[in-house]
$ cat query.pdb   # PDB, C-alpha atoms (C1' of nucleotides)
ATOM      1  CA  MET A   1       3.822  44.339  43.977
ATOM      2  CA  PRO A   2       4.727  44.365  40.371
ATOM      3  CA  GLU A   3       1.291  43.999  38.843
ATOM      4  CA  LEU A   4       0.280  44.340  35.221
ATOM      5  CA  PRO A   5       1.096  48.082  34.893
ATOM      6  CA  GLU A   6       4.548  47.772  36.444
ATOM      7  CA  VAL A   7       5.361  44.736  34.328
ATOM      8  CA  GLU A   8       4.183  46.611  31.252
ATOM      9  CA  ILE A   9       6.606  49.454  32.046
ATOM     10  CA  VAL A  10       9.481  46.987  32.349
ATOM     11  CA  LYS A  11       8.423  45.382  29.082
ATOM     12  CA  GLN A  12       8.393  48.719  27.294
ATOM     13  CA  SER A  13      11.859  49.608  28.568
ATOM     14  CA  LEU A  14      13.226  46.216  27.574
ATOM     15  CA  ASP A  15      11.694  46.606  24.150
ATOM     16  CA  LYS A  16      13.448  49.918  23.761
ATOM     17  CA  ASN A  17      16.807  48.581  24.841
ATOM     18  CA  ILE A  18      17.336  44.949  23.896
ATOM     19  CA  LYS A  19      15.175  44.358  20.830
ATOM     20  CA  SER A  20      17.254  43.100  17.882
ATOM     21  CA  LYS A  21      20.308  42.777  20.124
ATOM     22  CA  ILE A  22      22.340  39.645  20.628
ATOM     23  CA  ILE A  23      22.843  38.097  24.033
ATOM     24  CA  LYS A  24      26.582  37.629  24.280
ATOM     25  CA  LYS A  25      26.655  35.848  27.568
ATOM     26  CA  VAL A  26      24.458  34.946  30.528
ATOM     27  CA  ILE A  27      25.675  34.618  34.083
ATOM     28  CA  VAL A  28      23.508  33.033  36.749
ATOM     29  CA  ARG A  29      24.709  33.734  40.271
ATOM     30  CA  ASN A  30      21.842  32.111  42.100
ATOM     31  CA  ARG A  31      19.773  29.383  40.488
ATOM     32  CA  ASN A  32      17.365  29.064  43.400
ATOM     33  CA  LEU A  33      14.575  31.386  42.425
ATOM     34  CA  ARG A  34      10.974  30.316  42.814
ATOM     35  CA  LYS A  35      11.780  27.699  40.221
ATOM     36  CA  LYS A  36      15.255  26.295  39.903
ATOM     37  CA  ILE A  37      16.965  27.680  36.832
ATOM     38  CA  GLU A  38      17.741  24.835  34.465
ATOM     39  CA  LYS A  39      21.293  23.671  34.030
ATOM     40  CA  ASN A  40      21.652  24.693  30.390
ATOM     41  CA  PHE A  41      19.970  28.076  30.764
ATOM     42  CA  GLU A  42      23.141  30.025  29.967
ATOM     43  CA  ILE A  43      24.099  27.791  27.048
ATOM     44  CA  TYR A  44      20.692  28.048  25.435
ATOM     45  CA  LEU A  45      20.726  31.835  25.536
ATOM     46  CA  LYS A  46      24.272  32.462  24.434
ATOM     47  CA  ASN A  47      24.504  34.252  21.089
ATOM     48  CA  LYS A  48      20.727  34.294  20.619
ATOM     49  CA  LYS A  49      19.124  37.320  19.047
ATOM     50  CA  VAL A  50      16.203  39.034  20.727
ATOM     51  CA  ILE A  51      13.376  39.243  18.226
ATOM     52  CA  LYS A  52      10.802  40.951  20.375
ATOM     53  CA  ILE A  53       9.499  41.341  23.910
ATOM     54  CA  THR A  54       5.890  40.725  24.803
ATOM     55  CA  ARG A  55       3.927  40.672  28.011
ATOM     56  CA  TYR A  56       0.975  38.617  29.109
ATOM     57  CA  SER A  57      -0.497  39.311  32.533
ATOM     58  CA  LYS A  58       2.477  39.687  34.877
ATOM     59  CA  TYR A  59       4.781  37.625  32.672
ATOM     60  CA  ILE A  60       7.354  38.999  30.253
ATOM     61  CA  ILE A  61       8.367  36.892  27.288
ATOM     62  CA  ILE A  62      11.627  37.434  25.448
ATOM     63  CA  HIS A  63      11.260  35.980  21.956
ATOM     64  CA  LEU A  64      14.512  34.598  20.598
ATOM     65  CA  THR A  65      15.541  32.983  17.354
ATOM     66  CA  ASN A  66      14.602  29.334  16.683
ATOM     67  CA  SER A  67      11.357  29.390  18.677
ATOM     68  CA  LEU A  68      13.125  29.831  21.966
ATOM     69  CA  PHE A  69      11.340  31.888  24.588
ATOM     70  CA  CYS A  70      12.645  33.187  27.879
ATOM     71  CA  ILE A  71       9.697  33.866  30.145
ATOM     72  CA  PHE A  72      10.058  35.587  33.478
ATOM     73  CA  HIS A  73       8.025  36.859  36.396
ATOM     74  CA  LEU A  74       9.131  39.516  38.887
ATOM     75  CA  GLY A  75       7.358  37.896  41.813
ATOM     76  CA  MET A  76       7.148  40.272  44.713
ATOM     77  CA  SER A  77      10.461  42.061  44.702
ATOM     78  CA  GLY A  78      12.057  41.469  41.321
ATOM     79  CA  THR A  79      13.584  44.407  39.436
ATOM     80  CA  ILE A  80      15.422  44.688  36.142
ATOM     81  CA  HIS A  81      18.370  47.023  35.733
ATOM     82  CA  LEU A  82      20.266  48.188  32.724
ATOM     83  CA  VAL A  83      23.900  48.880  33.495
ATOM     84  CA  LYS A  84      26.885  49.758  31.382
ATOM     85  CA  ASN A  85      29.495  47.070  31.148
ATOM     86  CA  GLN A  86      31.717  49.138  33.407
ATOM     87  CA  LYS A  87      29.136  48.683  36.159
ATOM     88  CA  LYS A  88      27.962  52.228  35.745
ATOM     89  CA  LYS A  89      24.271  52.643  35.601
ATOM     90  CA  ILE A  90      22.820  54.460  32.630
ATOM     91  CA  THR A  91      19.124  53.686  32.671
ATOM     92  CA  ASN A  92      16.727  51.912  34.894
ATOM     93  CA  LEU A  93      14.210  49.405  33.724
ATOM     94  CA  SER A  94      12.656  48.648  37.049
ATOM     95  CA  PHE A  95       9.734  50.551  38.378
ATOM     96  CA  TYR A  96      11.940  51.736  41.193
ATOM     97  CA  LYS A  97      14.431  54.170  39.883
ATOM     98  CA  SER A  98      17.797  53.655  41.457
ATOM     99  CA  LEU A  99      21.087  55.348  40.891
ATOM    100  CA  GLN A 100      23.094  52.205  41.151
ATOM    101  CA  LEU A 101      22.745  48.473  41.186
ATOM    102  CA  PRO A 102      21.658  47.040  44.516
ATOM    103  CA  LYS A 103      24.540  45.461  46.447
ATOM    104  CA  LYS A 104      22.868  42.132  47.060
ATOM    105  CA  HIS A 105      20.597  39.693  45.223
ATOM    106  CA  ASN A 106      21.728  40.331  41.673
ATOM    107  CA  HIS A 107      20.910  36.815  40.533
ATOM    108  CA  ILE A 108      21.109  36.903  36.755
ATOM    109  CA  GLU A 109      23.104  38.963  34.307
ATOM    110  CA  PHE A 110      22.497  39.148  30.548
ATOM    111  CA  ARG A 111      25.486  40.615  28.743
ATOM    112  CA  PHE A 112      25.010  42.526  25.537
ATOM    113  CA  ASP A 113      27.595  44.449  23.586
ATOM    114  CA  ASN A 114      27.772  47.634  25.619
ATOM    115  CA  PHE A 115      25.537  46.984  28.577
ATOM    116  CA  ASN A 116      24.184  44.319  30.885
ATOM    117  CA  ILE A 117      20.693  43.525  32.007
ATOM    118  CA  VAL A 118      20.648  42.499  35.649
ATOM    119  CA  TYR A 119      17.855  40.764  37.493
ATOM    120  CA  ASN A 120      17.677  41.595  41.190
ATOM    121  CA  ASP A 121      15.238  39.903  43.542
ATOM    122  CA  PRO A 122      15.699  39.880  47.345
ATOM    123  CA  ARG A 123      12.756  37.616  48.068
ATOM    124  CA  ARG A 124      13.273  35.317  45.120
ATOM    125  CA  PHE A 125       9.605  34.897  44.393
ATOM    126  CA  GLY A 126      10.282  35.611  40.751
ATOM    127  CA  PHE A 127      11.577  33.136  38.176
ATOM    128  CA  PHE A 128      13.146  32.771  34.747
ATOM    129  CA  GLU A 129      12.282  29.848  32.526
ATOM    130  CA  LEU A 130      13.098  28.716  29.031
ATOM    131  CA  ILE A 131      10.319  27.548  26.788
ATOM    132  CA  LYS A 132      11.364  25.733  23.674
ATOM    133  CA  SER A 133       8.360  25.847  21.394
ATOM    134  CA  LYS A 134       5.405  28.041  20.548
ATOM    135  CA  LYS A 135       3.100  25.248  21.582
ATOM    136  CA  ASP A 136       4.584  25.084  25.077
ATOM    137  CA  LEU A 137       4.393  28.839  25.408
ATOM    138  CA  PHE A 138       0.738  28.784  24.474
ATOM    139  CA  LYS A 139       0.089  25.951  26.934
ATOM    140  CA  LYS A 140       1.764  27.893  29.703
ATOM    141  CA  LEU A 141      -0.155  31.126  29.159
ATOM    142  CA  ASN A 142      -3.446  29.577  28.186
ATOM    143  CA  ILE A 143      -4.291  28.511  31.731
ATOM    144  CA  LEU A 144      -4.429  32.154  32.768
ATOM    145  CA  GLY A 145      -7.660  34.089  32.651
ATOM    146  CA  PRO A 146      -8.146  36.967  30.218
ATOM    147  CA  GLU A 147      -6.528  40.318  30.874
ATOM    148  CA  PRO A 148      -8.938  43.087  31.889
ATOM    149  CA  PHE A 149      -8.365  44.692  28.479
ATOM    150  CA  SER A 150      -9.507  41.605  26.610
ATOM    151  CA  SER A 151     -12.901  41.478  24.913
ATOM    152  CA  THR A 152     -13.308  38.096  26.624
ATOM    153  CA  PHE A 153     -13.484  39.922  29.938
ATOM    154  CA  ASN A 154     -17.093  40.902  29.350
ATOM    155  CA  PHE A 155     -20.463  40.907  31.051
ATOM    156  CA  SER A 156     -21.506  37.344  30.226
ATOM    157  CA  TYR A 157     -18.088  36.013  31.245
ATOM    158  CA  LEU A 158     -18.400  37.585  34.689
ATOM    159  CA  LYS A 159     -22.038  36.654  35.028
ATOM    160  CA  ASN A 160     -21.296  33.005  34.307
ATOM    161  CA  PHE A 161     -18.143  32.875  36.356
ATOM    162  CA  PHE A 162     -19.781  34.274  39.482
ATOM    163  CA  LYS A 163     -22.783  31.960  39.469
ATOM    164  CA  LYS A 164     -23.058  30.247  42.848
ATOM    165  CA  LYS A 165     -19.637  31.554  43.857
ATOM    166  CA  GLU A 166     -19.447  32.130  47.591
ATOM    167  CA  LYS A 167     -16.009  33.699  47.469
ATOM    168  CA  ASN A 168     -15.671  37.464  47.840
ATOM    169  CA  ILE A 169     -15.090  39.699  44.862
ATOM    170  CA  LYS A 170     -11.682  40.910  45.993
ATOM    171  CA  ASN A 171     -10.225  37.425  45.944
ATOM    172  CA  PHE A 172     -11.641  36.920  42.475
ATOM    173  CA  LEU A 173      -9.965  40.054  41.163
ATOM    174  CA  MET A 174      -6.666  38.670  42.396
ATOM    175  CA  ASP A 175      -7.389  35.180  41.058
ATOM    176  CA  GLN A 176      -5.233  34.877  37.929
ATOM    177  CA  ASN A 177      -7.443  32.120  36.553
ATOM    178  CA  PHE A 178     -10.404  34.457  36.540
ATOM    179  CA  VAL A 179      -8.693  37.619  35.348
ATOM    180  CA  SER A 180      -4.951  37.998  34.967
ATOM    181  CA  GLY A 181      -2.713  40.886  35.853
ATOM    182  CA  ILE A 182      -4.426  42.332  38.907
ATOM    183  CA  GLY A 183      -2.745  42.069  42.305
ATOM    184  CA  ASN A 184      -3.515  43.378  45.752
ATOM    185  CA  ILE A 185      -2.985  47.074  45.134
ATOM    186  CA  TYR A 186      -5.093  47.379  42.014
ATOM    187  CA  ALA A 187      -7.803  45.064  43.339
ATOM    188  CA  ASN A 188      -8.285  47.528  46.196
ATOM    189  CA  GLU A 189      -8.266  50.538  43.902
ATOM    190  CA  ILE A 190     -10.641  49.012  41.348
ATOM    191  CA  LEU A 191     -13.228  48.122  43.985
ATOM    192  CA  TYR A 192     -13.086  51.646  45.348
ATOM    193  CA  PHE A 193     -13.982  53.059  41.944
ATOM    194  CA  CYS A 194     -16.814  50.535  41.703
ATOM    195  CA  LYS A 195     -18.120  51.437  45.187
ATOM    196  CA  ILE A 196     -18.176  47.725  45.970
ATOM    197  CA  ASN A 197     -17.296  46.266  49.337
ATOM    198  CA  PRO A 198     -14.327  43.899  48.935
ATOM    199  CA  ASN A 199     -16.030  41.307  51.123
ATOM    200  CA  LYS A 200     -19.118  41.088  48.952
ATOM    201  CA  LYS A 201     -19.793  37.596  47.660
ATOM    202  CA  ALA A 202     -19.358  37.318  43.900
ATOM    203  CA  LYS A 203     -22.756  35.680  43.413
ATOM    204  CA  ASN A 204     -24.474  38.608  45.104
ATOM    205  CA  LEU A 205     -23.143  41.242  42.744
ATOM    206  CA  LYS A 206     -25.747  43.080  40.684
ATOM    207  CA  ASN A 207     -25.537  43.430  36.928
ATOM    208  CA  LYS A 208     -24.527  47.028  37.235
ATOM    209  CA  ASP A 209     -21.714  45.997  39.582
ATOM    210  CA  LEU A 210     -20.334  43.620  36.972
ATOM    211  CA  LYS A 211     -20.359  46.380  34.394
ATOM    212  CA  LYS A 212     -18.556  48.685  36.790
ATOM    213  CA  ILE A 213     -15.915  46.042  37.482
ATOM    214  CA  ILE A 214     -15.219  45.607  33.779
ATOM    215  CA  TYR A 215     -15.078  49.348  33.178
ATOM    216  CA  ASN A 216     -12.958  50.279  36.179
ATOM    217  CA  SER A 217     -10.478  47.418  35.826
ATOM    218  CA  LYS A 218      -9.541  48.780  32.435
ATOM    219  CA  LEU A 219      -9.617  52.362  33.650
ATOM    220  CA  VAL A 220      -7.392  51.892  36.707
ATOM    221  CA  LEU A 221      -4.810  49.748  34.938
ATOM    222  CA  LYS A 222      -4.625  52.047  31.926
ATOM    223  CA  GLN A 223      -4.175  55.079  34.132
ATOM    224  CA  ALA A 224      -1.451  53.288  36.101
ATOM    225  CA  ILE A 225       0.422  52.387  32.920
ATOM    226  CA  LYS A 226       0.123  55.959  31.738
ATOM    227  CA  LEU A 227       1.713  57.189  34.955
ATOM    228  CA  GLY A 228       4.534  54.666  34.783
ATOM    229  CA  GLY A 229       3.180  52.218  37.352
ATOM    230  CA  SER A 230       3.348  52.472  41.120
ATOM    231  CA  SER A 231       6.529  52.759  43.127
ATOM    232  CA  ILE A 232       5.805  51.854  46.686
ATOM    233  CA  ARG A 233       7.493  50.958  49.961
ATOM    234  CA  ASN A 234      10.627  52.477  51.326
ATOM    235  CA  PHE A 235      13.528  50.735  49.681
ATOM    236  CA  GLN A 236      15.997  53.022  51.383
ATOM    237  CA  ASN A 237      19.030  52.460  49.208
ATOM    238  CA  ILE A 238      17.055  53.411  46.207
ATOM    239  CA  SER A 239      16.531  57.034  45.442
ATOM    240  CA  GLY A 240      14.070  58.562  43.078
ATOM    241  CA  ILE A 241      10.826  57.151  41.861
ATOM    242  CA  LYS A 242       9.934  56.172  38.362
ATOM    243  CA  GLY A 243       6.236  55.459  38.628
ATOM    244  CA  ASN A 244       3.739  58.011  39.801
ATOM    245  CA  PHE A 245       0.543  56.084  40.259
ATOM    246  CA  GLN A 246       1.161  55.681  44.003
ATOM    247  CA  ASN A 247       0.301  59.364  44.326
ATOM    248  CA  ASN A 248      -3.102  58.514  42.910
ATOM    249  CA  PHE A 249      -4.001  55.784  45.363
ATOM    250  CA  LYS A 250      -7.505  56.315  46.684
ATOM    251  CA  VAL A 251      -7.494  53.616  49.330
ATOM    252  CA  TYR A 252      -4.277  51.615  49.292
ATOM    253  CA  GLN A 253      -2.175  52.447  52.373
ATOM    254  CA  ARG A 254      -4.605  55.208  53.329
ATOM    255  CA  GLU A 255      -5.849  53.646  56.557
ATOM    256  CA  ASN A 256      -7.835  56.063  58.752
ATOM    257  CA  LEU A 257      -7.651  58.857  56.201
ATOM    258  CA  ASN A 258     -10.716  60.536  54.785
ATOM    259  CA  CYS A 259     -12.378  59.143  51.695
ATOM    260  CA  LEU A 260     -11.360  61.228  48.678
ATOM    261  CA  ARG A 261     -14.736  60.991  46.990
ATOM    262  CA  LYS A 262     -16.632  64.246  46.771
ATOM    263  CA  ASN A 263     -19.314  64.562  49.429
ATOM    264  CA  CYS A 264     -18.384  61.257  51.037
ATOM    265  CA  HIS A 265     -17.560  61.579  54.726
ATOM    266  CA  GLY A 266     -16.284  58.048  55.132
ATOM    267  CA  LYS A 267     -12.911  56.892  56.396
ATOM    268  CA  ILE A 268     -10.627  54.347  54.800
ATOM    269  CA  GLN A 269     -10.597  51.107  56.759
ATOM    270  CA  LYS A 270      -7.979  48.400  56.691
ATOM    271  CA  ILE A 271      -8.922  44.760  57.118
ATOM    272  CA  ASN A 272      -7.416  41.425  56.161
ATOM    273  CA  ILE A 273      -8.981  39.296  53.477
ATOM    274  CA  SER A 274      -7.179  35.981  53.053
ATOM    275  CA  LYS A 275      -4.216  37.530  54.871
ATOM    276  CA  ARG A 276      -3.899  40.314  52.314
ATOM    277  CA  SER A 277      -4.322  43.874  53.498
ATOM    278  CA  THR A 278      -7.503  45.293  52.149
ATOM    279  CA  PHE A 279      -8.469  48.957  52.104
ATOM    280  CA  PHE A 280     -11.918  50.375  51.499
ATOM    281  CA  CYS A 281     -14.144  53.294  52.419
ATOM    282  CA  ASN A 282     -16.526  52.394  55.206
ATOM    283  CA  ASN A 283     -19.156  54.687  53.749
ATOM    284  CA  CYS A 284     -19.304  54.619  49.961
ATOM    285  CA  GLN A 285     -18.210  51.003  49.622
ATOM    286  CA  ASN A 286     -21.130  49.958  51.813
TER     287      ASN A 286
ATOM    288  C1'  DA B   1     -15.385  21.689  42.461
ATOM    289  C1'  DA B   2     -14.630  25.374  45.402
ATOM    290  C1'  DG B   3     -12.405  27.606  48.910
ATOM    291  C1'  DA B   4      -9.327  28.056  52.821
ATOM    292  C1'  DG B   5      -4.831  28.060  54.434
ATOM    293  C1'  DG B   6       0.241  27.174  54.305
ATOM    294  C1'  DC B   7       4.556  27.964  52.263
ATOM    295  C1'  DC B   8       8.429  30.053  49.808
ATOM    296  C1'  DC B   9      11.831  34.397  50.963
ATOM    297  C1'  DT B  10      14.264  38.834  52.847
ATOM    298  C1'  DG B  11      14.055  43.329  54.725
ATOM    299  C1'  DA B  12      11.792  47.009  57.201
ATOM    300  C1'  DT B  13       9.753  48.091  61.266
ATOM    301  C1'  DA B  14       7.464  47.654  65.814
ATOM    302  C1'  DG B  15       7.810  46.318  70.444
ATOM    303  C1'  DC B  16      10.189  44.912  74.484
TER     304       DC B  16
ATOM    305  C1'  DT C   1      21.518  48.215  71.833
ATOM    306  C1'  DG C   2      19.909  43.994  70.458
ATOM    307  C1'  DC C   3      16.712  40.690  70.271
ATOM    308  C1'  DT C   4      12.219  38.660  68.449
ATOM    309  C1'  DA C   5       7.765  39.040  66.169
ATOM    310  C1'  DT C   6       5.160  40.720  62.473
ATOM    311  C1'  DC C   7       4.116  42.227  58.001
ATOM    312  C1'  DA C   8       4.664  42.719  53.005
ATOM    313  C1'  DG C   9       2.457  39.445  48.944
ATOM    314  C1'  DG C  10       2.277  36.344  43.840
ATOM    315  C1'  DG C  11       1.685  31.941  42.808
ATOM    316  C1'  DC C  12       1.529  27.240  43.782
ATOM    317  C1'  DC C  13       0.486  23.519  46.623
ATOM    318  C1'  DT C  14      -2.288  20.598  49.823
ATOM    319  C1'  DC C  15      -6.248  19.625  52.458
ATOM    320  C1'  DT C  16     -11.100  19.513  53.380
TER     321       DT C  16
END
$ encode --input "query.pdb" --output "structure tokens"
Amino acid sequence: MPELPEVEIVKQSLDKNIKSKIIKKVIVRNRNLRKKIEKNFEIYLKNKKVIKITRYSKYIIIHLTNSLFCIFHLGMSGTIHLVKNQKKKITNLSFYKSLQLPKKHNHIEFRFDNFNIVYNDPRRFGFFELIKSKKDLFKKLNILGPEPFSSTFNFSYLKNFFKKKEKNIKNFLMDQNFVSGIGNIYANEILYFCKINPNKKAKNLKNKDLKKIIYNSKLVLKQAIKLGGSSIRNFQNISGIKGNFQNNFKVYQRENLNCLRKNCHGKIQKINISKRSTFFCNNCQN
DNA sequence: AAGAGGCCCTGATAGC
DNA sequence: TGCTATCAGGGCCTCT
């Protein structure tokens, strides 16, 4: 659920709040995230200064002194919260805006002078990892495909990549080795704007389709970032919504509703592609 | 090599 | 009311 735009929002908030600050202490309450948190995680981070925060794809990288990097991924259900030391919430860094810290699944706590950063993740698909050199960081991120915003994500790249590929275009948009940062929600939305059927084989896409994919990937993600990402699903203990892009969904979770395109009389259909729910207009996305 | 499918995990919800 | 089944899905793994 957190895709590139949501992760970008978290990154921006972190940048605002913890840049140039010193991590006083780290507490790990549950080491069993998607990857086991290494034994010396807390020791490595103690008293380190945060130089800057960057993001690549759906990963956030906290740059610390002495070429130490803390890289993390929110997985499916990970959220970051900024709380005062007295456990009173002052700001929210997650893309769900909550009034207080969730009761369960607060796995990691980073203590700064006047506030704590808490990582909450019910499903534990996210992870935190230490990377101890620039070289290793590069190695880790280099296996990912370009972001949609990259100049590498261009016509000839797509043209070459899709040659003889039998797989459908929707799965490619979600394939992080092809293009990184797009997940299920935005893959659906992007294909709607392109008027391309999600089941269409990549090799059968026309040149003009490739151009549309490049254009609309940038467009949809940029718009989502501008609106603060998407806040979806009914997390009932959480009130208020930070992101607003969910109000702009054209197809996602709009099963059986009318297509929003002018003069299109189609209905939004829901199907499964590789066990992921897929939404598209049965008329304009032929 | 490419692609399909399974698995990790918890919580919300549907159905009986 | 209380049980079970199903769905949600990002990334990594195995198998064909």
$ interface_residues --input "query.pdb" --of "chain A" --to "chain B" --cutoff "8 Å" --atoms "only C-alpha atoms (C1' of nucleotides)" --output "short mmCIF file (atom, residue, chain, number, x, y, z; two decimals) with C-alpha atoms, keeping the file's coordinate frame"
data_model
loop_
_atom_site.label_atom_id
_atom_site.label_comp_id
_atom_site.auth_asym_id
_atom_site.auth_seq_id
_atom_site.Cartn_x
_atom_site.Cartn_y
_atom_site.Cartn_z
CA ARG A 34 10.97 30.32 42.81
CA PRO A 122 15.70 39.88 47.34
CA ARG A 123 12.76 37.62 48.07
CA ARG A 124 13.27 35.32 45.12
CA PHE A 125 9.60 34.90 44.39
CA LYS A 167 -16.01 33.70 47.47
#
$ resolve_selection --input "query.pdb" --expression "the PyMOL selection byres ((chain A) within 10 of (chain C))" --output "list in words"
Met1, Pro2, Glu3, Arg34, Lys58, His73, Leu74, Gly75, Met76, Ser77, Phe125, Gly126, Met174, Asp175, Gln176, Gly183, Asn184, Arg233, Lys275, Arg276 and Ser277 of chain A
$ write_last_selection --input "query.pdb" --atoms "C-alpha atoms" --output "compact mmCIF listing (two decimals), keeping the file's coordinate frame"
# COMPACT_ATOMS: atom_id res chain seq x y z
CA MET A 1 3.82 44.34 43.98
CA PRO A 2 4.73 44.36 40.37
CA GLU A 3 1.29 44.00 38.84
CA ARG A 34 10.97 30.32 42.81
CA LYS A 58 2.48 39.69 34.88
CA HIS A 73 8.02 36.86 36.40
CA LEU A 74 9.13 39.52 38.89
CA GLY A 75 7.36 37.90 41.81
CA MET A 76 7.15 40.27 44.71
CA SER A 77 10.46 42.06 44.70
CA PHE A 125 9.60 34.90 44.39
CA GLY A 126 10.28 35.61 40.75
CA MET A 174 -6.67 38.67 42.40
CA ASP A 175 -7.39 35.18 41.06
CA GLN A 176 -5.23 34.88 37.93
CA GLY A 183 -2.74 42.07 42.30
CA ASN A 184 -3.52 43.38 45.75
CA ARG A 233 7.49 50.96 49.96
CA LYS A 275 -4.22 37.53 54.87
CA ARG A 276 -3.90 40.31 52.31
CA SER A 277 -4.32 43.87 53.50
$ residues_around --input "query.pdb" --residues "stretch 14-29 of chain A" --least-positions-apart "6" --cutoff "8 Å" --atoms "all atoms listed in the file" --output "list in words"
Glu42, Ile43, Leu45, Lys46, Asn47, Lys48, Lys49, Val50, Ile51, Lys52, Ile53, Leu93, Asn106, His107, Ile108, Glu109, Phe110, Arg111, Phe112 and Asp113 of chain A
$ write_last_selection --input "query.pdb" --atoms "C-alpha atoms" --output "short mmCIF file (atom, residue, chain, number, x, y, z; two decimals), in the coordinates of the input"
data_model
loop_
_atom_site.label_atom_id
_atom_site.label_comp_id
_atom_site.auth_asym_id
_atom_site.auth_seq_id
_atom_site.Cartn_x
_atom_site.Cartn_y
_atom_site.Cartn_z
CA GLU A 42 23.14 30.02 29.97
CA ILE A 43 24.10 27.79 27.05
CA LEU A 45 20.73 31.84 25.54
CA LYS A 46 24.27 32.46 24.43
CA ASN A 47 24.50 34.25 21.09
CA LYS A 48 20.73 34.29 20.62
CA LYS A 49 19.12 37.32 19.05
CA VAL A 50 16.20 39.03 20.73
CA ILE A 51 13.38 39.24 18.23
CA LYS A 52 10.80 40.95 20.38
CA ILE A 53 9.50 41.34 23.91
CA LEU A 93 14.21 49.40 33.72
CA ASN A 106 21.73 40.33 41.67
CA HIS A 107 20.91 36.82 40.53
CA ILE A 108 21.11 36.90 36.76
CA GLU A 109 23.10 38.96 34.31
CA PHE A 110 22.50 39.15 30.55
CA ARG A 111 25.49 40.62 28.74
CA PHE A 112 25.01 42.53 25.54
CA ASP A 113 27.60 44.45 23.59
#
$ residues_around --input "query.pdb" --residues "A:Lys203" --least-positions-apart "5" --cutoff "8 Å" --atoms "all atoms listed in the file" --output "list in words"
Phe162, Lys163, Lys164, Lys165 and Glu166 of chain A
$ atom_distance --input "query.pdb" --atom1 "atom CA of A:Cys194" --atom2 "atom CA of A:His265"
17.1 Å
$ resolve_selection --input "query.pdb" --expression "the PyMOL selection byres ((chain A and resi 271) around 12)" --output "VMD selection string"
chain A and resid 188 197 to 199 251 to 256 268 to 270 272 to 282
$ closest_residue --input "query.pdb" --among "A:Pro102, A:Gly78, A:Gly145, A:Pro5" --to "A:Ile185" --atoms "only C-alpha atoms"
A:Pro5
$ resolve_selection --input "query.pdb" --expression "the PyMOL selection byres ((chain A and resi 146-150) around 7)" --output "list of chain:residue names"
A:Ser57, A:Leu144, A:Gly145, A:Ser151, A:Thr152, A:Phe153, A:Val179, A:Ser180, A:Gly181, A:Ser217, A:Lys218
$ build_atoms --input "query.pdb" --residues "stretch 49-61 of chain A" --atoms "N, CA and C atoms" --output "short mmCIF file (atom, residue, chain, number, x, y, z; two decimals), in the frame of the given file"
data_model
loop_
_atom_site.label_atom_id
_atom_site.label_comp_id
_atom_site.auth_asym_id
_atom_site.auth_seq_id
_atom_site.Cartn_x
_atom_site.Cartn_y
_atom_site.Cartn_z
N LYS A 49 19.59 35.97 19.35
CA LYS A 49 19.12 37.32 19.05
C LYS A 49 17.73 37.53 19.61
N VAL A 50 17.52 38.70 20.20
CA VAL A 50 16.20 39.03 20.73
C VAL A 50 15.32 39.54 19.59
N ILE A 51 14.27 38.83 19.32
CA ILE A 51 13.38 39.24 18.23
C ILE A 51 12.38 40.30 18.70
N LYS A 52 11.71 39.97 19.78
CA LYS A 52 10.80 40.95 20.38
C LYS A 52 10.50 40.60 21.83
N ILE A 53 9.89 41.55 22.52
CA ILE A 53 9.50 41.34 23.91
C ILE A 53 7.98 41.50 23.97
N THR A 54 7.33 40.56 24.59
CA THR A 54 5.89 40.72 24.80
C THR A 54 5.58 40.52 26.28
N ARG A 55 4.36 40.86 26.63
CA ARG A 55 3.93 40.67 28.01
C ARG A 55 2.55 40.03 28.01
N TYR A 56 2.34 39.06 28.86
CA TYR A 56 0.98 38.62 29.11
C TYR A 56 0.78 38.56 30.61
N SER A 57 -0.25 39.24 31.09
CA SER A 57 -0.50 39.31 32.53
C SER A 57 0.75 39.88 33.22
N LYS A 58 1.29 39.18 34.19
CA LYS A 58 2.48 39.69 34.88
C LYS A 58 3.74 39.00 34.37
N TYR A 59 3.63 38.34 33.24
CA TYR A 59 4.78 37.62 32.67
C TYR A 59 5.36 38.41 31.50
N ILE A 60 6.69 38.42 31.42
CA ILE A 60 7.35 39.00 30.25
C ILE A 60 7.99 37.87 29.46
N ILE A 61 7.83 37.94 28.15
CA ILE A 61 8.37 36.89 27.29
C ILE A 61 9.38 37.50 26.33
#
